[in-house]
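**Q** Sharing model29.cif here; it has mmCIF, C-alpha atoms.
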```cif
data_model
loop_
_atom_site.label_atom_id
_atom_site.label_comp_id
_atom_site.auth_asym_id
_atom_site.auth_seq_id
_atom_site.Cartn_x
_atom_site.Cartn_y
_atom_site.Cartn_z
CA MET N 1 33.60 69.52 -33.92
CA ASN N 2 33.38 69.48 -37.73
CA GLN N 3 29.85 70.82 -37.47
CA MET N 4 31.13 73.64 -35.27
CA ILE N 5 33.94 74.53 -37.67
CA ASN N 6 31.62 74.56 -40.67
CA ASN N 7 29.11 76.78 -38.92
CA SER N 8 31.77 79.23 -37.75
CA GLN N 9 33.17 79.62 -41.26
CA LYS N 10 29.97 79.95 -43.27
CA ALA N 11 27.76 81.79 -40.81
CA ASN N 12 26.21 85.15 -41.60
CA ILE N 13 25.07 87.03 -38.52
CA ASN N 14 21.76 88.83 -38.69
CA LEU N 15 22.14 91.67 -36.21
CA ASP N 16 20.26 94.45 -38.01
CA THR N 17 22.54 95.56 -40.89
CA THR N 18 25.74 93.99 -39.65
CA SER N 19 26.59 92.32 -42.96
CA GLN N 20 26.13 95.53 -44.93
CA THR N 21 28.81 98.04 -45.81
CA SER N 22 29.67 100.51 -43.05
CA ARG N 23 27.79 103.80 -43.11
CA PRO N 24 29.41 106.74 -44.90
CA GLY N 25 32.18 108.29 -42.86
CA THR N 26 32.83 105.20 -40.74
CA GLU N 27 34.85 103.08 -43.21
CA GLU N 28 38.06 101.61 -41.81
CA LEU N 29 41.12 100.15 -43.46
CA VAL N 30 40.96 96.88 -41.53
CA PRO N 31 38.08 94.67 -40.35
CA SER N 32 36.66 95.52 -36.95
CA ARG N 33 33.90 92.93 -36.51
CA TYR N 34 33.57 89.21 -37.15
CA ALA N 35 30.28 87.31 -37.46
CA LEU N 36 29.58 83.65 -36.74
CA ARG N 37 26.78 81.41 -35.57
CA ILE N 38 26.67 78.94 -32.73
CA GLY N 39 23.69 76.82 -33.70
CA GLU N 40 20.75 79.21 -33.50
CA ILE N 41 22.71 81.89 -31.64
CA ASP N 42 24.12 84.86 -33.58
CA VAL N 43 27.55 86.06 -32.45
CA LEU N 44 29.46 89.18 -33.43
CA VAL N 45 33.02 89.79 -32.20
CA VAL N 46 33.73 93.53 -32.20
CA SER N 47 37.14 95.15 -31.80
CA ASP N 48 37.21 98.07 -29.36
CA GLY N 49 40.77 98.77 -30.55
CA VAL N 50 44.12 97.94 -28.97
CA LEU N 51 45.91 98.82 -25.73
CA PRO N 52 49.65 99.61 -25.96
CA LEU N 53 51.09 98.18 -22.74
CA PRO N 54 54.51 97.14 -21.38
CA THR N 55 55.48 93.57 -22.23
CA GLU N 56 56.54 92.94 -18.63
CA MET N 57 52.85 92.70 -17.80
CA LEU N 58 52.57 89.55 -19.95
CA GLY N 59 54.56 87.52 -17.42
CA HIS N 60 56.00 89.52 -14.57
CA ASN N 61 56.92 86.36 -12.63
CA ALA N 62 58.98 85.01 -15.56
CA ALA N 63 62.72 85.45 -15.92
CA LEU N 64 63.56 88.41 -18.17
CA ALA N 65 65.53 86.17 -20.56
CA ASP N 66 62.60 83.75 -20.89
CA ARG N 67 60.14 86.55 -21.53
CA GLU N 68 62.39 88.16 -24.12
CA THR N 69 62.88 84.81 -25.86
CA TRP N 70 59.13 84.34 -26.14
CA LEU N 71 58.66 87.89 -27.42
CA GLY N 72 61.38 87.34 -30.00
CA ASP N 73 59.81 84.08 -31.15
CA MET N 74 56.52 85.97 -31.61
CA PHE N 75 58.28 88.87 -33.45
CA LEU N 76 57.13 91.30 -30.77
CA SER N 77 58.96 94.25 -29.26
CA LYS N 78 60.76 93.57 -26.01
CA ASP N 79 59.42 96.77 -24.46
CA ALA N 80 55.75 97.23 -25.39
CA CYS N 81 53.12 95.71 -27.64
CA ASP N 82 49.48 96.23 -28.54
CA TRP N 83 46.94 94.11 -26.66
CA ALA N 84 43.75 93.50 -28.59
CA LEU N 85 40.51 94.54 -26.89
CA ASN N 86 37.42 92.63 -28.01
CA VAL N 87 33.78 92.52 -26.97
CA VAL N 88 30.97 90.26 -28.17
CA VAL N 89 27.36 90.87 -29.19
CA VAL N 90 25.05 87.85 -28.92
CA ARG N 91 21.49 87.39 -30.10
CA SER N 92 19.60 84.48 -28.57
CA GLY N 93 15.86 84.39 -29.10
CA ALA N 94 14.41 87.84 -28.39
CA GLN N 95 17.44 88.99 -26.39
CA THR N 96 20.40 91.01 -27.66
CA ILE N 97 23.31 90.68 -25.24
CA LEU N 98 26.49 92.75 -25.07
CA ILE N 99 29.36 90.94 -23.37
CA ASP N 100 31.67 93.61 -21.91
CA ALA N 101 31.72 97.23 -23.02
CA GLY N 102 35.28 98.24 -23.92
CA LEU N 103 37.46 101.05 -22.63
CA GLY N 104 35.37 104.13 -23.24
CA LEU N 105 37.27 107.36 -22.64
CA ASP N 106 41.02 107.43 -22.10
CA PRO N 107 41.58 108.76 -18.55
CA ASP N 108 45.04 110.22 -19.22
CA LEU N 109 46.65 106.78 -19.57
CA ASN N 110 47.82 107.21 -23.17
CA LEU N 111 45.50 104.59 -24.65
CA PRO N 112 44.33 106.45 -27.77
CA LYS N 113 43.82 103.38 -29.95
CA ALA N 114 40.96 101.88 -27.91
CA GLY N 115 37.46 103.03 -26.96
CA GLN N 116 35.94 102.41 -30.39
CA LEU N 117 32.97 100.23 -29.38
CA VAL N 118 30.08 102.69 -29.63
CA ARG N 119 31.18 103.92 -33.04
CA ARG N 120 31.71 100.40 -34.32
CA LEU N 121 28.35 99.19 -33.08
CA GLU N 122 26.77 102.11 -34.89
CA SER N 123 28.62 101.28 -38.12
CA ALA N 124 27.37 97.70 -37.76
CA GLY N 125 23.80 98.97 -37.54
CA ILE N 126 23.36 97.96 -33.91
CA ASP N 127 21.32 100.44 -31.90
CA LEU N 128 22.31 100.66 -28.23
CA GLY N 129 18.62 100.78 -27.44
CA SER N 130 18.18 97.27 -28.85
CA VAL N 131 20.49 95.75 -26.20
CA THR N 132 18.37 93.93 -23.60
CA ASP N 133 21.21 92.56 -21.46
CA ILE N 134 24.86 93.25 -20.72
CA VAL N 135 27.15 90.61 -19.20
CA LEU N 136 30.34 91.84 -17.56
CA THR N 137 33.19 89.39 -17.21
CA HIS N 138 34.57 91.75 -14.56
CA MET N 139 34.71 95.45 -13.71
CA HIS N 140 38.15 96.49 -14.96
CA MET N 141 38.10 99.79 -16.84
CA ASP N 142 38.53 98.20 -20.29
CA HIS N 143 35.35 96.16 -19.71
CA VAL N 144 32.98 98.76 -18.22
CA GLY N 145 34.40 102.03 -19.56
CA GLY N 146 32.21 102.12 -22.64
CA LEU N 147 29.15 102.38 -20.40
CA ILE N 148 30.29 105.54 -18.63
CA VAL N 149 30.99 107.60 -21.73
CA GLY N 150 28.79 110.69 -21.85
CA GLY N 151 25.53 110.08 -23.68
CA VAL N 152 25.69 106.28 -23.66
CA LYS N 153 23.38 105.61 -20.72
CA GLU N 154 20.72 107.82 -22.28
CA GLN N 155 20.68 105.57 -25.36
CA LEU N 156 20.27 102.36 -23.36
CA ARG N 157 16.92 100.90 -22.31
CA PRO N 158 15.68 101.90 -18.85
CA ASP N 159 14.97 98.21 -18.16
CA LEU N 160 18.44 97.07 -19.28
CA ARG N 161 19.74 94.14 -17.23
CA ILE N 162 23.47 94.12 -16.39
CA HIS N 163 24.65 90.73 -15.17
CA VAL N 164 27.77 90.63 -13.00
CA ALA N 165 29.00 88.36 -10.21
CA ALA N 166 28.09 89.55 -6.72
CA ALA N 167 31.70 88.89 -5.65
CA GLU N 168 32.90 91.36 -8.28
CA VAL N 169 30.70 94.19 -7.08
CA LYS N 170 31.74 93.46 -3.50
CA PHE N 171 35.44 93.48 -4.41
CA TRP N 172 35.29 96.93 -5.98
CA GLU N 173 33.84 98.46 -2.84
CA ALA N 174 37.40 98.22 -1.41
CA PRO N 175 39.66 96.72 -4.11
CA ASP N 176 43.01 95.13 -3.24
CA PHE N 177 45.84 95.98 -5.65
CA SER N 178 48.63 94.51 -3.55
CA ARG N 179 49.41 91.67 -5.99
CA VAL N 180 49.00 93.31 -9.36
CA HIS N 181 51.86 94.58 -11.52
CA MET N 182 50.53 97.61 -13.40
CA PRO N 183 52.03 100.85 -14.74
CA ALA N 184 51.60 103.95 -12.61
CA GLY N 185 48.17 105.49 -12.82
CA PHE N 186 46.28 102.32 -13.68
CA PRO N 187 45.10 101.35 -10.17
CA ASP N 188 43.59 104.79 -9.58
CA ALA N 189 41.94 104.79 -13.00
CA LEU N 190 40.52 101.30 -12.45
CA ARG N 191 39.14 102.25 -9.04
CA ALA N 192 37.52 105.38 -10.41
CA ALA N 193 35.93 103.64 -13.40
CA ALA N 194 34.50 100.79 -11.32
CA LYS N 195 33.14 103.21 -8.72
CA ARG N 196 31.48 105.42 -11.31
CA PHE N 197 30.01 102.44 -13.15
CA ALA N 198 28.53 101.00 -9.94
CA GLU N 199 27.02 104.35 -8.98
CA GLU N 200 25.49 105.05 -12.39
CA TYR N 201 24.09 101.56 -13.05
CA ARG N 202 23.26 100.22 -9.59
CA GLY N 203 19.57 100.00 -10.43
CA ASN N 204 20.29 97.89 -13.53
CA LEU N 205 22.55 95.32 -11.86
CA ARG N 206 21.42 91.70 -11.73
CA LEU N 207 23.86 89.89 -9.44
CA PHE N 208 24.57 86.16 -9.44
CA ASP N 209 26.69 84.02 -7.14
CA GLU N 210 28.25 81.26 -9.28
CA GLU N 211 26.25 80.76 -12.49
CA TYR N 212 23.27 82.26 -14.29
CA GLU N 213 21.48 81.56 -17.60
CA VAL N 214 21.10 84.98 -19.20
CA ALA N 215 19.23 83.72 -22.27
CA PRO N 216 18.60 80.33 -23.91
CA GLY N 217 22.04 78.76 -24.34
CA VAL N 218 23.88 81.75 -22.82
CA VAL N 219 25.33 80.95 -19.38
CA VAL N 220 27.67 83.14 -17.35
CA THR N 221 29.89 81.36 -14.77
CA ARG N 222 32.16 82.89 -12.15
CA THR N 223 35.77 81.66 -12.27
CA GLY N 224 37.57 84.11 -9.98
CA GLY N 225 41.33 84.50 -10.28
CA HIS N 226 41.80 87.53 -12.49
CA THR N 227 39.44 89.32 -10.12
CA PRO N 228 37.30 87.66 -7.41
CA GLY N 229 34.19 87.88 -9.58
CA HIS N 230 35.79 87.31 -12.98
CA SER N 231 33.40 85.27 -15.13
CA ILE N 232 33.25 83.51 -18.47
CA VAL N 233 30.30 83.10 -20.82
CA ARG N 234 29.45 79.79 -22.47
CA LEU N 235 27.23 79.66 -25.57
CA THR N 236 25.57 76.35 -26.44
CA SER N 237 23.11 75.62 -29.24
CA GLY N 238 22.64 72.16 -30.69
CA SER N 239 26.08 70.59 -31.08
CA ASP N 240 27.86 73.96 -31.30
CA ARG N 241 29.67 75.58 -28.38
CA LEU N 242 31.73 78.70 -27.79
CA MET N 243 33.41 80.10 -24.68
CA PHE N 244 34.08 83.79 -24.17
CA ALA N 245 36.88 83.60 -21.62
CA GLY N 246 37.27 87.29 -20.82
CA ASP N 247 40.70 87.90 -19.27
CA ALA N 248 41.31 84.30 -18.21
CA VAL N 249 43.37 83.64 -21.38
CA PHE N 250 46.05 85.77 -23.03
CA THR N 251 48.22 84.87 -26.04
CA VAL N 252 51.25 84.04 -23.91
CA GLY N 253 49.07 81.77 -21.75
CA PHE N 254 49.09 78.96 -24.29
CA ASP N 255 52.86 78.54 -24.16
CA HIS N 256 53.24 79.64 -20.55
CA PRO N 257 49.95 79.25 -18.65
CA ASP N 258 51.82 79.72 -15.35
CA TRP N 259 53.04 83.22 -16.23
CA HIS N 260 51.29 85.93 -14.26
CA ASN N 261 49.55 88.78 -16.04
CA GLY N 262 50.00 92.20 -14.48
CA PHE N 263 46.26 92.80 -14.15
CA GLU N 264 45.60 89.62 -12.13
CA HIS N 265 44.57 90.33 -8.54
CA ASP N 266 45.18 86.68 -7.52
CA PRO N 267 47.87 85.47 -9.95
CA GLU N 268 48.14 81.88 -8.67
CA GLU N 269 44.40 81.31 -8.83
CA ALA N 270 44.26 82.97 -12.25
CA ALA N 271 46.87 80.50 -13.52
CA ARG N 272 44.88 77.56 -12.14
CA VAL N 273 41.73 78.87 -13.82
CA ARG N 274 43.60 79.35 -17.10
CA VAL N 275 44.93 75.78 -17.14
CA ARG N 276 41.52 74.34 -16.25
CA LEU N 277 39.75 76.27 -19.00
CA LEU N 278 42.39 75.49 -21.64
CA LYS N 279 42.18 71.79 -20.78
CA GLU N 280 38.40 71.96 -21.10
CA LEU N 281 38.60 73.72 -24.46
CA ALA N 282 41.15 71.24 -25.81
CA ALA N 283 38.98 68.32 -24.71
CA THR N 284 35.71 69.62 -26.14
CA GLY N 285 37.03 71.25 -29.32
CA GLU N 286 34.68 74.17 -28.82
CA LEU N 287 35.50 77.66 -30.04
CA LEU N 288 37.30 80.17 -27.87
CA VAL N 289 37.02 83.94 -27.94
CA ALA N 290 38.90 86.05 -25.39
CA THR N 291 39.15 89.75 -24.68
CA HIS N 292 42.85 90.24 -25.42
CA MET N 293 43.46 87.63 -28.12
CA PRO N 294 44.32 89.15 -31.52
CA PHE N 295 41.20 90.04 -33.50
CA PRO N 296 39.05 88.22 -34.58
CA SER N 297 40.05 86.24 -31.49
CA THR N 298 38.24 83.10 -32.59
CA GLY N 299 39.76 79.65 -32.70
CA HIS N 300 40.41 76.32 -31.01
CA VAL N 301 42.80 75.06 -28.36
CA ALA N 302 45.05 72.01 -28.71
CA VAL N 303 47.37 70.35 -26.21
CA GLU N 304 51.06 70.89 -27.02
CA GLY N 305 53.29 68.82 -24.73
CA ASP N 306 52.94 70.26 -21.24
CA ALA N 307 51.30 73.42 -22.56
CA PHE N 308 48.78 74.38 -25.24
CA ARG N 309 48.53 75.63 -28.81
CA TRP N 310 46.21 78.28 -30.25
CA VAL N 311 44.59 77.30 -33.58
CA PRO N 312 42.87 80.31 -35.20
CA ILE N 313 39.90 79.59 -37.41
CA ALA N 314 40.89 79.40 -41.08
CA GLY N 315 40.44 82.66 -42.93
CA THR N 316 38.44 85.76 -42.01
CA THR N 317 35.59 85.49 -44.52
CA ASN N 318 33.10 86.83 -42.00
CA ALA N 319 35.14 89.91 -41.08
CA THR N 320 33.67 93.27 -42.07
#
```
Once you've parsed the file, please lay out its structure as structure tokens.
**A**
Amino acid sequence: MNQMINNSQKANINLDTTSQTSRPGTEELVPSRYALRIGEIDVLVVSDGVLPLPTEMLGHNAALADRETWLGDMFLSKDACDWALNVVVVRSGAQTILIDAGLGLDPDLNLPKAGQLVRRLESAGIDLGSVTDIVLTHMHMDHVGGLIVGGVKEQLRPDLRIHVAAAEVKFWEAPDFSRVHMPAGFPDALRAAAKRFAEEYRGNLRLFDEEYEVAPGVVVTRTGGHTPGHSIVRLTSGSDRLMFAGDAVFTVGFDHPDWHNGFEHDPEEAARVRVRLLKELAATGELLVATHMPFPSTGHVAVEGDAFRWVPIAGTTNAT
């Protein structure tokens, strides 16, 4: 684990000009990307922005008083808060892999602070045409939306491979929203985004059932729960390991892993998956990155009584 911590803190990713200053006109007041290495694998966490959403969605099965106590302890508003939205770029061998694709356009849902991925990849010097593979943890709008923005597909390689669980594609042919707890408008927007993505990229899809090695040391595994085909990505190189957990883990899930997130299509199974993954992470000491953990969303998991504790990596020396 010490080796892993040292590598994560001193690494300098080599994805084109990532470590250089942003191009003129794209400077931002806060960091939007974070570079690290997992053995021989380059990793770049990129912020797509934040999603302002009702706090009820953090644990809609919890008692209001319990939820408000947790929000107060975290110095968060009782009504709404910003959820981080992160994606990851991985380089393993000759392959450049994008894990998830951000929100893209805002379909009248009042989410103006997200959808920054394409611009931020450009400012990092990463050409969309250099991406050989995309891995989708699932097909919710904030994970596929960046691919259906006008002009994006034309910049991608014709032979681009998009890896997604077969169960996920099947689910979105007739999605069930009977157990979610979302604000009005979201189900329709999610259906529309998934349908458009599937239609536009059907020829690029590479489906897997349970597990698939996308590149050396880069393995995608279906977990289910959040959606039937929800998947995580494990990176392994030498003694270093990192898990990108997608939407299996949210900030509140460390203290209250049994609380149901409003976007979960099978909340009970999602909670079981969350506990299993957090136990695994605590046991191995490997790094965790997750879609909606606060940027740079990189740290470790420890057991805390009957729950868990999030331990962010020390400092942000690799943030740019």
**Q** Set the distance at 9 Å and use all atoms listed in the file: which residues neighbour Ala94 (chain N) once local chain neighbours fewer than 2 positions away are removed? I'd like the list as a PDB file with C-alpha atoms, keeping the file's coordinate frame.
**A**
```pdb
ATOM      1  CA  ARG N  91      21.490  87.390 -30.100  1.00  0.00           C
ATOM      2  CA  SER N  92      19.600  84.480 -28.570  1.00  0.00           C
ATOM      3  CA  THR N  96      20.400  91.010 -27.660  1.00  0.00           C
ATOM      4  CA  THR N 132      18.370  93.930 -23.600  1.00  0.00           C
ATOM      5  CA  ALA N 215      19.230  83.720 -22.270  1.00  0.00           C
TER       6      ALA N 215
END
```
**Q** Name the residues that the PyMOL selection byres ((chain N and resi 168) around 8) picks from the file above, as a ChimeraX atom specification, using the file's chain letters and numbers.
**A** /N:138-139,164-167,169-172,227-230
**Q** Quote the spacing between CA of Ala35 (chain N) and CA of Gly145 (chain N) in Å to one decimal place.
**A** 23.5 Å
**Q** Would you mind reading off the distance between CA of Asp127 (chain N) and CA of Gly203 (chain N), one decimal, in Å?
**A**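 Computing the Euclidean distance for CA of Asp127 (chain N) and CA of Gly203 (chain N) yields 21.5 Å.
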**Q** Just checking: using only C-alpha atoms, which residue out of N:Glu199, N:Asp79, N:Glu280, N:Glu268 ends up closest to Asn61 (chain N)?
**A** N:Glu268
**Q** In terms of the shortest atom-to-atom distance over all atoms listed in the file, which of N:Leu207, N:Leu44, N:Ala84, N:Val218 is closest to Arg234 (chain N)?
**A**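 Smallest separation from Arg234 (chain N) among the options: N:Val218.
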**Q** Taking 2 positions as the minimum chain separation for residues in the same chain, which residues sit within 12 Å of Trp259 (chain N) when counting all atoms listed in the file? Answer as a ChimeraX atom specification.
**A** /N:56-64,66-67,70,248-257,261-264,267-272,274-275,307
**Q** Closest to Asn110 (chain N) among N:Leu288, N:Met243, N:Ala302, N:Ala184, using all atoms listed in the file?
**A**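 Using all atoms listed in the file, Asn110 (chain N) sits closest to N:Ala184.
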**Q** List the residues matched by the PyMOL selection byres ((chain N and resi 153) around 12) in the displayed structure as a ChimeraX atom specification, ordered by chain and then by residue number.
**A** /N:118,128-129,131,145-152,154-160,197,200-201,204
**Q** Please produce an output containing C-alpha atoms for each residue in the selection, written as a PDB file, in the coordinates of the input.
**A**
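Result saved to again.pdb:
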```
ATOM      1  CA  VAL N 118      30.080 102.690 -29.630  1.00  0.00           C
ATOM      2  CA  LEU N 128      22.310 100.660 -28.230  1.00  0.00           C
ATOM      3  CA  GLY N 129      18.620 100.780 -27.440  1.00  0.00           C
ATOM      4  CA  VAL N 131      20.490  95.750 -26.200  1.00  0.00           C
ATOM      5  CA  GLY N 145      34.400 102.030 -19.560  1.00  0.00           C
ATOM      6  CA  GLY N 146      32.210 102.120 -22.640  1.00  0.00           C
ATOM      7  CA  LEU N 147      29.150 102.380 -20.400  1.00  0.00           C
ATOM      8  CA  ILE N 148      30.290 105.540 -18.630  1.00  0.00           C
ATOM      9  CA  VAL N 149      30.990 107.600 -21.730  1.00  0.00           C
ATOM     10  CA  GLY N 150      28.790 110.690 -21.850  1.00  0.00           C
ATOM     11  CA  GLY N 151      25.530 110.080 -23.680  1.00  0.00           C
ATOM     12  CA  VAL N 152      25.690 106.280 -23.660  1.00  0.00           C
ATOM     13  CA  GLU N 154      20.720 107.820 -22.280  1.00  0.00           C
ATOM     14  CA  GLN N 155      20.680 105.570 -25.360  1.00  0.00           C
ATOM     15  CA  LEU N 156      20.270 102.360 -23.360  1.00  0.00           C
ATOM     16  CA  ARG N 157      16.920 100.900 -22.310  1.00  0.00           C
ATOM     17  CA  PRO N 158      15.680 101.900 -18.850  1.00  0.00           C
ATOM     18  CA  ASP N 159      14.970  98.210 -18.160  1.00  0.00           C
ATOM     19  CA  LEU N 160      18.440  97.070 -19.280  1.00  0.00           C
ATOM     20  CA  PHE N 197      30.010 102.440 -13.150  1.00  0.00           C
ATOM     21  CA  GLU N 200      25.490 105.050 -12.390  1.00  0.00           C
ATOM     22  CA  TYR N 201      24.090 101.560 -13.050  1.00  0.00           C
ATOM     23  CA  ASN N 204      20.290  97.890 -13.530  1.00  0.00           C
TER      24      ASN N 204
END
```
**Q** As an MDAnalysis selection string, please: the residues near region 187-195 of chain N (cut-off 9 Å, all atoms listed in the file, same-chain neighbours under 6 positions excluded).
**A** chainID N and resid 107:109 139:142 144:145 148 169 172:175 177 180
**Q** For Asp48 (chain N), which of N:Tyr212, N:Trp310, N:Phe75, N:Phe295 is the closest residue, counting only C-alpha atoms?
**A**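 Closest residue, counting only C-alpha atoms: N:Phe295.
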